[in-house]
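Structure, as structure tokens:
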Amino acid sequence: LKFQAWENSTVGDYMPLFSIITVCFNAADLISETMKSVYKQTYDDYEYIIIDGLSTDNTIQVVNDIKDFFDTKGITIVISEKDHGIYDAMNKGAKIATGRYCCFMNAGDTFASPDVLAQLGKQIEDHNYTFVYGDVYSVSKTFKKHVKAQSMDVITNTLSMPYCHQALFASRDFIMEHPFELKYKNAADYNQCVQLFKTNVEYLQVDVVIANYQIGGKSETGALNYFKEKCEIRRLNNFLKPSKFENDIVLLKMRIRILIKRILPSSMTEKIR
């Protein structure tokens with residue numbers, strides 16, 4: 001077990017508006033861009049938490065090299081210890097957070113601009129929304145696509161989420177009451193989205209591009225398990241289930257995409273979702 005914590009003593013017991021949480025494992029090549037995008041935020045009412053899964057590369061060294069920049073920006077905590085997967089790490093981050101809202105900006109993802117938190121702060125600091133969400137840019141080495149968030153009720157009749165999790169700011173209180181369900185290895189964020197919808201709480205969809213979301217392909221096993229878990233979540237929550245025909249179509253599309261990505265070079269397949 002390794003624990004490291006750095007705290008700006010000027011913060012004291014003040015509770016920030018935002019807790020930005022980065023979960024990572026062996027992310028030495030990715031973590032610095034994520035950290036820098038947090039540091040560059042012009043809005044200072046936030047804390048930054050990094051949960052590392054006991055990386056075996058030099059992730060922690062990279063973090064140590066950058067963490068001094070946050071000394072005047074609020075509390076920065078880094079925990080490096082073994083966990084039970086990404087959702088366990090995200091639960092850990094939320095548990096130690098002190099902000100009103102948690103945002104999970106994981107290694108490789110970045111804020112879309114330096115004023116994202118400032119834009120959100122103006123719209124929510126005097127309200128009591130349970131969650132807030134917006135748009136993202138879906139990016140790769142060769143392209144950048146604006147992905148608009150959808151209405152929350154889209155989740156009742158589709159396997160899609162109305163937002164990317166990087167563009168969600170959920171209240172810490174809600175996450176403590178509804179932590180990520182660890183039995184779902186691939187779709188715990190989808191399950192959380194369902195719970196947000198079902199609680200019928202006050203929320204806000206903002207016309208703000210919040211994050212740059214790095215496209216990363218899932219293995220065939222991962223993609224199929226993701227699909228199966230989402231179907232189970234829908235069944236357990238009495239949502240309309242896809243018909244067998246719709247299931248077969250989705251599975252066929254998955255297999256075709258995976259096959260194409262295996263055959264063609266990545267430069268030709270990056271836009272295939």
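All residue names refer to the structure tokens as shown: chains lettered A, B, ... in order, residues numbered from 1 in each chain, ligands numbered from 1 in order.
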inquiry  = So that I can check the surroundings of region 161-167 of chain A, please list as a PyMOL selection string every protein, DNA and RNA residue that reaches within 10 Å of it, counting only C-alpha atoms and ignoring chain neighbours fewer than 6 positions away.
reply    = chain A and resi 103-106+109-112+132-138+147-155+189-194+205-206+208-213
I'd like the neighbourhood of Asn91 (chain A) as a compact mmCIF listing (two decimals) with all heavy atoms, in the first residue's frame, where a residue qualifies if any of its atoms comes within 12 Å (using only C-alpha atoms), though same-chain residues fewer than 5 positions away should be ignored.
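Output contents, as saved in around-v2.txt:
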```txt
# COMPACT_ATOMS: atom_id res chain seq x y z
N ILE A 21 -11.95 13.96 -10.25
CA ILE A 21 -11.33 12.69 -9.88
C ILE A 21 -10.78 12.00 -11.12
O ILE A 21 -11.49 11.81 -12.11
CB ILE A 21 -12.35 11.76 -9.19
CG1 ILE A 21 -12.94 12.46 -7.95
CG2 ILE A 21 -11.71 10.43 -8.82
CD1 ILE A 21 -14.15 11.76 -7.36
N THR A 22 -9.49 11.66 -11.06
CA THR A 22 -8.85 10.94 -12.16
C THR A 22 -8.46 9.55 -11.67
O THR A 22 -7.72 9.41 -10.69
CB THR A 22 -7.60 11.69 -12.66
OG1 THR A 22 -7.99 12.92 -13.26
CG2 THR A 22 -6.84 10.86 -13.69
N VAL A 23 -8.97 8.54 -12.35
CA VAL A 23 -8.63 7.15 -12.06
C VAL A 23 -7.66 6.66 -13.12
O VAL A 23 -7.84 6.93 -14.31
CB VAL A 23 -9.91 6.27 -12.05
CG1 VAL A 23 -9.57 4.80 -12.04
CG2 VAL A 23 -10.77 6.63 -10.85
N ILE A 49 -8.35 14.94 -7.21
CA ILE A 49 -8.04 13.66 -6.59
C ILE A 49 -7.61 12.67 -7.67
O ILE A 49 -8.28 12.53 -8.69
CB ILE A 49 -9.28 13.10 -5.85
CG1 ILE A 49 -9.68 14.05 -4.71
CG2 ILE A 49 -9.01 11.69 -5.31
CD1 ILE A 49 -11.05 13.74 -4.12
N ILE A 51 -6.69 8.65 -8.21
CA ILE A 51 -6.72 7.29 -7.66
C ILE A 51 -5.98 6.38 -8.63
O ILE A 51 -6.45 6.10 -9.73
CB ILE A 51 -8.17 6.79 -7.48
CG1 ILE A 51 -8.98 7.76 -6.63
CG2 ILE A 51 -8.16 5.40 -6.85
CD1 ILE A 51 -8.52 7.88 -5.20
N ASP A 83 -6.73 -2.00 -6.40
CA ASP A 83 -8.18 -1.90 -6.34
C ASP A 83 -8.81 -3.06 -7.10
O ASP A 83 -8.11 -3.94 -7.62
CB ASP A 83 -8.67 -0.55 -6.90
CG ASP A 83 -8.17 -0.28 -8.31
OD1 ASP A 83 -8.32 -1.18 -9.18
OD2 ASP A 83 -7.63 0.81 -8.58
N HIS A 84 -10.13 -3.04 -7.18
CA HIS A 84 -10.86 -4.12 -7.85
C HIS A 84 -11.46 -3.64 -9.17
O HIS A 84 -12.57 -4.04 -9.53
CB HIS A 84 -11.96 -4.65 -6.92
CG HIS A 84 -11.43 -5.22 -5.64
ND1 HIS A 84 -10.72 -6.40 -5.58
CD2 HIS A 84 -11.49 -4.75 -4.36
CE1 HIS A 84 -10.38 -6.65 -4.33
NE2 HIS A 84 -10.83 -5.66 -3.57
N GLY A 85 -10.71 -2.82 -9.88
CA GLY A 85 -11.17 -2.35 -11.18
C GLY A 85 -11.53 -0.88 -11.16
O GLY A 85 -11.54 -0.21 -10.12
N ILE A 86 -11.86 -0.36 -12.34
CA ILE A 86 -12.06 1.07 -12.50
C ILE A 86 -13.21 1.61 -11.65
O ILE A 86 -13.12 2.69 -11.07
CB ILE A 86 -12.29 1.42 -14.00
CG1 ILE A 86 -12.38 2.94 -14.19
CG2 ILE A 86 -13.51 0.71 -14.56
CD1 ILE A 86 -12.37 3.36 -15.64
N ILE A 96 -13.66 9.89 -0.71
CA ILE A 96 -12.77 10.85 -0.04
C ILE A 96 -12.99 12.27 -0.54
O ILE A 96 -12.41 13.21 0.01
CB ILE A 96 -11.29 10.47 -0.22
CG1 ILE A 96 -10.87 10.54 -1.69
CG2 ILE A 96 -11.02 9.09 0.36
CD1 ILE A 96 -9.39 10.32 -1.89
N ALA A 97 -13.83 12.45 -1.56
CA ALA A 97 -14.09 13.79 -2.09
C ALA A 97 -14.84 14.64 -1.07
O ALA A 97 -15.58 14.12 -0.23
CB ALA A 97 -14.89 13.69 -3.38
N CYS A 102 -19.04 15.66 -8.18
CA CYS A 102 -17.89 14.86 -8.62
C CYS A 102 -17.91 14.70 -10.14
O CYS A 102 -18.96 14.41 -10.72
CB CYS A 102 -17.92 13.47 -7.98
SG CYS A 102 -17.69 13.47 -6.19
N CYS A 103 -16.75 14.87 -10.73
CA CYS A 103 -16.58 14.62 -12.16
C CYS A 103 -15.41 13.66 -12.32
O CYS A 103 -14.33 13.89 -11.76
CB CYS A 103 -16.30 15.92 -12.91
SG CYS A 103 -15.87 15.69 -14.66
N PHE A 104 -15.62 12.60 -13.08
CA PHE A 104 -14.57 11.61 -13.30
C PHE A 104 -13.90 11.87 -14.65
O PHE A 104 -14.44 11.54 -15.70
CB PHE A 104 -15.14 10.19 -13.24
CG PHE A 104 -15.66 9.83 -11.88
CD1 PHE A 104 -17.01 9.97 -11.57
CD2 PHE A 104 -14.80 9.38 -10.89
CE1 PHE A 104 -17.49 9.66 -10.31
CE2 PHE A 104 -15.27 9.05 -9.62
CZ PHE A 104 -16.61 9.20 -9.34
N ARG A 172 -22.04 14.47 -4.90
CA ARG A 172 -21.37 13.45 -4.11
C ARG A 172 -22.38 12.70 -3.26
O ARG A 172 -22.26 11.48 -3.06
CB ARG A 172 -20.30 14.08 -3.23
CG ARG A 172 -19.56 13.06 -2.38
CD ARG A 172 -18.57 13.69 -1.42
NE ARG A 172 -17.92 12.66 -0.63
CZ ARG A 172 -18.41 12.15 0.50
NH1 ARG A 172 -19.58 12.59 0.96
NH2 ARG A 172 -17.76 11.20 1.17
N PHE A 174 -25.40 11.90 -3.96
CA PHE A 174 -26.06 10.87 -4.77
C PHE A 174 -25.14 9.67 -4.97
O PHE A 174 -25.57 8.51 -4.85
CB PHE A 174 -26.48 11.42 -6.13
CG PHE A 174 -27.15 10.40 -7.01
CD1 PHE A 174 -28.52 10.21 -6.95
CD2 PHE A 174 -26.40 9.60 -7.87
CE1 PHE A 174 -29.13 9.24 -7.73
CE2 PHE A 174 -27.01 8.63 -8.66
CZ PHE A 174 -28.39 8.46 -8.59
N ILE A 175 -23.87 9.93 -5.27
CA ILE A 175 -22.93 8.82 -5.51
C ILE A 175 -22.74 8.00 -4.25
O ILE A 175 -22.60 6.77 -4.31
CB ILE A 175 -21.58 9.36 -6.02
CG1 ILE A 175 -21.77 10.08 -7.35
CG2 ILE A 175 -20.58 8.23 -6.19
CD1 ILE A 175 -20.52 10.75 -7.88
N MET A 176 -22.75 8.64 -3.09
CA MET A 176 -22.64 7.89 -1.84
C MET A 176 -23.86 7.00 -1.61
O MET A 176 -23.75 5.90 -1.09
CB MET A 176 -22.46 8.85 -0.66
CG MET A 176 -21.11 9.55 -0.60
SD MET A 176 -19.70 8.41 -0.38
CE MET A 176 -19.21 8.12 -2.09
N GLU A 177 -25.03 7.49 -2.02
CA GLU A 177 -26.25 6.69 -1.88
C GLU A 177 -26.37 5.64 -2.96
O GLU A 177 -26.98 4.58 -2.76
CB GLU A 177 -27.47 7.61 -1.93
CG GLU A 177 -27.59 8.57 -0.75
CD GLU A 177 -28.74 9.54 -0.91
OE1 GLU A 177 -29.53 9.36 -1.87
OE2 GLU A 177 -28.85 10.47 -0.10
N HIS A 178 -25.78 5.92 -4.14
CA HIS A 178 -25.86 5.00 -5.27
C HIS A 178 -24.46 4.81 -5.86
O HIS A 178 -24.17 5.28 -6.97
CB HIS A 178 -26.80 5.55 -6.35
CG HIS A 178 -28.17 5.86 -5.87
ND1 HIS A 178 -29.17 4.93 -5.83
CD2 HIS A 178 -28.72 7.00 -5.38
CE1 HIS A 178 -30.27 5.47 -5.36
NE2 HIS A 178 -30.02 6.73 -5.07
N PRO A 179 -23.56 4.14 -5.15
CA PRO A 179 -22.20 3.94 -5.68
C PRO A 179 -22.22 3.06 -6.92
O PRO A 179 -23.21 2.36 -7.20
CB PRO A 179 -21.48 3.24 -4.51
CG PRO A 179 -22.57 2.57 -3.74
CD PRO A 179 -23.76 3.48 -3.85
N PHE A 180 -21.14 3.10 -7.67
CA PHE A 180 -21.03 2.24 -8.84
C PHE A 180 -21.14 0.79 -8.40
O PHE A 180 -20.45 0.35 -7.48
CB PHE A 180 -19.71 2.48 -9.56
CG PHE A 180 -19.61 3.83 -10.22
CD1 PHE A 180 -18.88 4.86 -9.63
CD2 PHE A 180 -20.26 4.08 -11.42
CE1 PHE A 180 -18.80 6.10 -10.23
CE2 PHE A 180 -20.19 5.32 -12.03
CZ PHE A 180 -19.46 6.34 -11.43
N GLU A 181 -22.01 0.05 -9.08
CA GLU A 181 -22.26 -1.35 -8.73
C GLU A 181 -21.15 -2.22 -9.30
O GLU A 181 -21.02 -2.37 -10.52
CB GLU A 181 -23.62 -1.77 -9.30
CG GLU A 181 -24.00 -3.20 -9.04
CD GLU A 181 -23.99 -3.55 -7.57
OE1 GLU A 181 -24.87 -3.05 -6.84
OE2 GLU A 181 -23.09 -4.31 -7.16
N LEU A 182 -20.34 -2.80 -8.41
CA LEU A 182 -19.12 -3.50 -8.84
C LEU A 182 -19.39 -4.82 -9.54
O LEU A 182 -18.49 -5.37 -10.18
CB LEU A 182 -18.21 -3.72 -7.65
CG LEU A 182 -17.73 -2.46 -6.91
CD1 LEU A 182 -16.67 -2.82 -5.88
CD2 LEU A 182 -17.20 -1.42 -7.90
N ALA A 188 -21.22 -0.25 -15.28
CA ALA A 188 -21.67 0.36 -14.03
C ALA A 188 -22.04 1.82 -14.23
O ALA A 188 -22.91 2.34 -13.52
CB ALA A 188 -20.58 0.23 -12.96
N ASP A 189 -21.42 2.49 -15.19
CA ASP A 189 -21.80 3.88 -15.47
C ASP A 189 -23.19 3.95 -16.11
O ASP A 189 -23.96 4.88 -15.83
CB ASP A 189 -20.76 4.59 -16.34
CG ASP A 189 -20.44 3.83 -17.62
OD1 ASP A 189 -20.85 2.65 -17.77
OD2 ASP A 189 -19.77 4.42 -18.49
N GLN A 192 -25.58 3.56 -13.28
CA GLN A 192 -25.71 4.82 -12.55
C GLN A 192 -26.63 5.79 -13.28
O GLN A 192 -27.45 6.48 -12.66
CB GLN A 192 -24.33 5.47 -12.36
CG GLN A 192 -24.38 6.77 -11.57
CD GLN A 192 -23.12 7.60 -11.72
OE1 GLN A 192 -22.78 8.06 -12.80
NE2 GLN A 192 -22.41 7.79 -10.61
```
task = Could you give me, as a list in words, the residues within 10 Å of Tyr184 (chain A), counting only C-alpha atoms and dropping anything in the same chain fewer than 6 positions from it?
result = Tyr87, Tyr190, Asn191, Asn225, Tyr226, Glu229, Lys230, Glu232 and Ile233 of chain A
inquiry  = Give me, as a list in words, all polymer residues having an atom no more than 10 Å from Asp115 (chain A), counting only C-alpha atoms and skipping those fewer than 6 positions away in the same chain.
reply    = Lys40, Gln41, Thr42, Tyr43, Gly121 and Ile210 of chain A
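Between CA of Thr98 (chain A) and CA of Tyr46 (chain A) the interatomic distance comes to 9.4 Å.
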Please report, as a PDB file with C-alpha atoms, in the first residue's frame, each residue of region 73-221 of chain A to which DSSP assigns helix (DSSP H, G or I) when run on this structure's backbone.
```pdb
ATOM      1  CA  ILE A  86     -12.064   1.072 -12.505  1.00  0.00           C
ATOM      2  CA  TYR A  87     -15.443   1.374 -10.785  1.00  0.00           C
ATOM      3  CA  ASP A  88     -13.993   0.410  -7.402  1.00  0.00           C
ATOM      4  CA  ALA A  89     -11.392   3.149  -7.891  1.00  0.00           C
ATOM      5  CA  MET A  90     -14.103   5.650  -8.860  1.00  0.00           C
ATOM      6  CA  ASN A  91     -16.045   4.791  -5.696  1.00  0.00           C
ATOM      7  CA  LYS A  92     -12.880   5.360  -3.656  1.00  0.00           C
ATOM      8  CA  GLY A  93     -12.424   8.773  -5.233  1.00  0.00           C
ATOM      9  CA  ALA A  94     -15.988   9.823  -4.485  1.00  0.00           C
ATOM     10  CA  LYS A  95     -15.708   8.568  -0.902  1.00  0.00           C
ATOM     11  CA  ILE A  96     -12.775  10.854  -0.045  1.00  0.00           C
ATOM     12  CA  VAL A 116     -15.319  24.664 -18.497  1.00  0.00           C
ATOM     13  CA  LEU A 117     -15.578  24.805 -14.704  1.00  0.00           C
ATOM     14  CA  ALA A 118     -16.142  28.561 -14.827  1.00  0.00           C
ATOM     15  CA  GLN A 119     -19.057  28.139 -17.247  1.00  0.00           C
ATOM     16  CA  LEU A 120     -20.610  25.428 -15.097  1.00  0.00           C
ATOM     17  CA  GLY A 121     -20.001  27.286 -11.859  1.00  0.00           C
ATOM     18  CA  LYS A 122     -21.978  30.304 -13.059  1.00  0.00           C
ATOM     19  CA  GLN A 123     -24.960  28.099 -13.866  1.00  0.00           C
ATOM     20  CA  ILE A 124     -25.090  25.862 -10.821  1.00  0.00           C
ATOM     21  CA  MET A 152     -32.332  11.848 -20.129  1.00  0.00           C
ATOM     22  CA  ASP A 153     -35.447   9.954 -21.185  1.00  0.00           C
ATOM     23  CA  VAL A 154     -33.552   8.482 -24.133  1.00  0.00           C
ATOM     24  CA  ILE A 155     -32.314   5.801 -21.743  1.00  0.00           C
ATOM     25  CA  THR A 156     -35.809   4.351 -21.428  1.00  0.00           C
ATOM     26  CA  HIS A 165     -19.484   9.998 -18.165  1.00  0.00           C
ATOM     27  CA  GLN A 166     -16.672  12.556 -18.561  1.00  0.00           C
ATOM     28  CA  ALA A 167     -19.376  15.181 -19.129  1.00  0.00           C
ATOM     29  CA  ARG A 172     -21.372  13.452  -4.113  1.00  0.00           C
ATOM     30  CA  ASP A 173     -24.394  12.745  -1.917  1.00  0.00           C
ATOM     31  CA  PHE A 174     -26.062  10.868  -4.766  1.00  0.00           C
ATOM     32  CA  ILE A 175     -22.933   8.825  -5.509  1.00  0.00           C
ATOM     33  CA  MET A 176     -22.636   7.890  -1.838  1.00  0.00           C
ATOM     34  CA  GLU A 177     -26.248   6.693  -1.878  1.00  0.00           C
ATOM     35  CA  ALA A 188     -21.666   0.357 -14.031  1.00  0.00           C
ATOM     36  CA  ASP A 189     -21.802   3.884 -15.471  1.00  0.00           C
ATOM     37  CA  TYR A 190     -24.871   2.891 -17.493  1.00  0.00           C
ATOM     38  CA  ASN A 191     -26.456   1.536 -14.316  1.00  0.00           C
ATOM     39  CA  GLN A 192     -25.706   4.821 -12.547  1.00  0.00           C
ATOM     40  CA  CYS A 193     -27.356   6.711 -15.396  1.00  0.00           C
ATOM     41  CA  VAL A 194     -30.482   4.583 -15.000  1.00  0.00           C
ATOM     42  CA  GLN A 195     -30.549   5.358 -11.268  1.00  0.00           C
ATOM     43  CA  LEU A 196     -30.173   9.083 -11.940  1.00  0.00           C
ATOM     44  CA  PHE A 197     -33.144   8.940 -14.283  1.00  0.00           C
ATOM     45  CA  LYS A 198     -35.321   6.842 -11.969  1.00  0.00           C
ATOM     46  CA  GLU A 220     -14.762  -8.363 -28.564  1.00  0.00           C
ATOM     47  CA  THR A 221     -15.301  -9.972 -25.156  1.00  0.00           C
TER      48      THR A 221
END
```
task = Might you pull out every residue within 12 Å of region 78-80 of chain A, with only C-alpha atoms counted and same-chain residues fewer than 2 positions away left off, and present them as a VMD selection string?
result = chain A and resid 1 to 7 21 to 26 35 47 to 56 58 to 64 66 to 67 75 to 76 82 to 83 89 to 90 92 to 93 96 to 97
key: Counting only C-alpha atoms, the option among A:Asn157, A:Asn238, A:Thr130, A:Ser37 closest to Phe169 (chain A)   =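 Closest candidate: A:Thr130.
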inquiry  = As an exercise, work out the distance from CA of Ala27 (chain A) to CA of Gly108 (chain A) in Å and give it to one decimal place.
reply    = 8.0 Å
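Pairwise distance (CA of Gly99 (chain A), CA of Ser171 (chain A)) equals 8.3 Å.
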request  = Mind listing the strand (DSSP E) residues of region 66-271 of chain A, per DSSP on the backbone, as a PyMOL selection string?
outcome  = chain A and resi 76-80+101-104+110-111+131-139+144-147+168-171+203-214
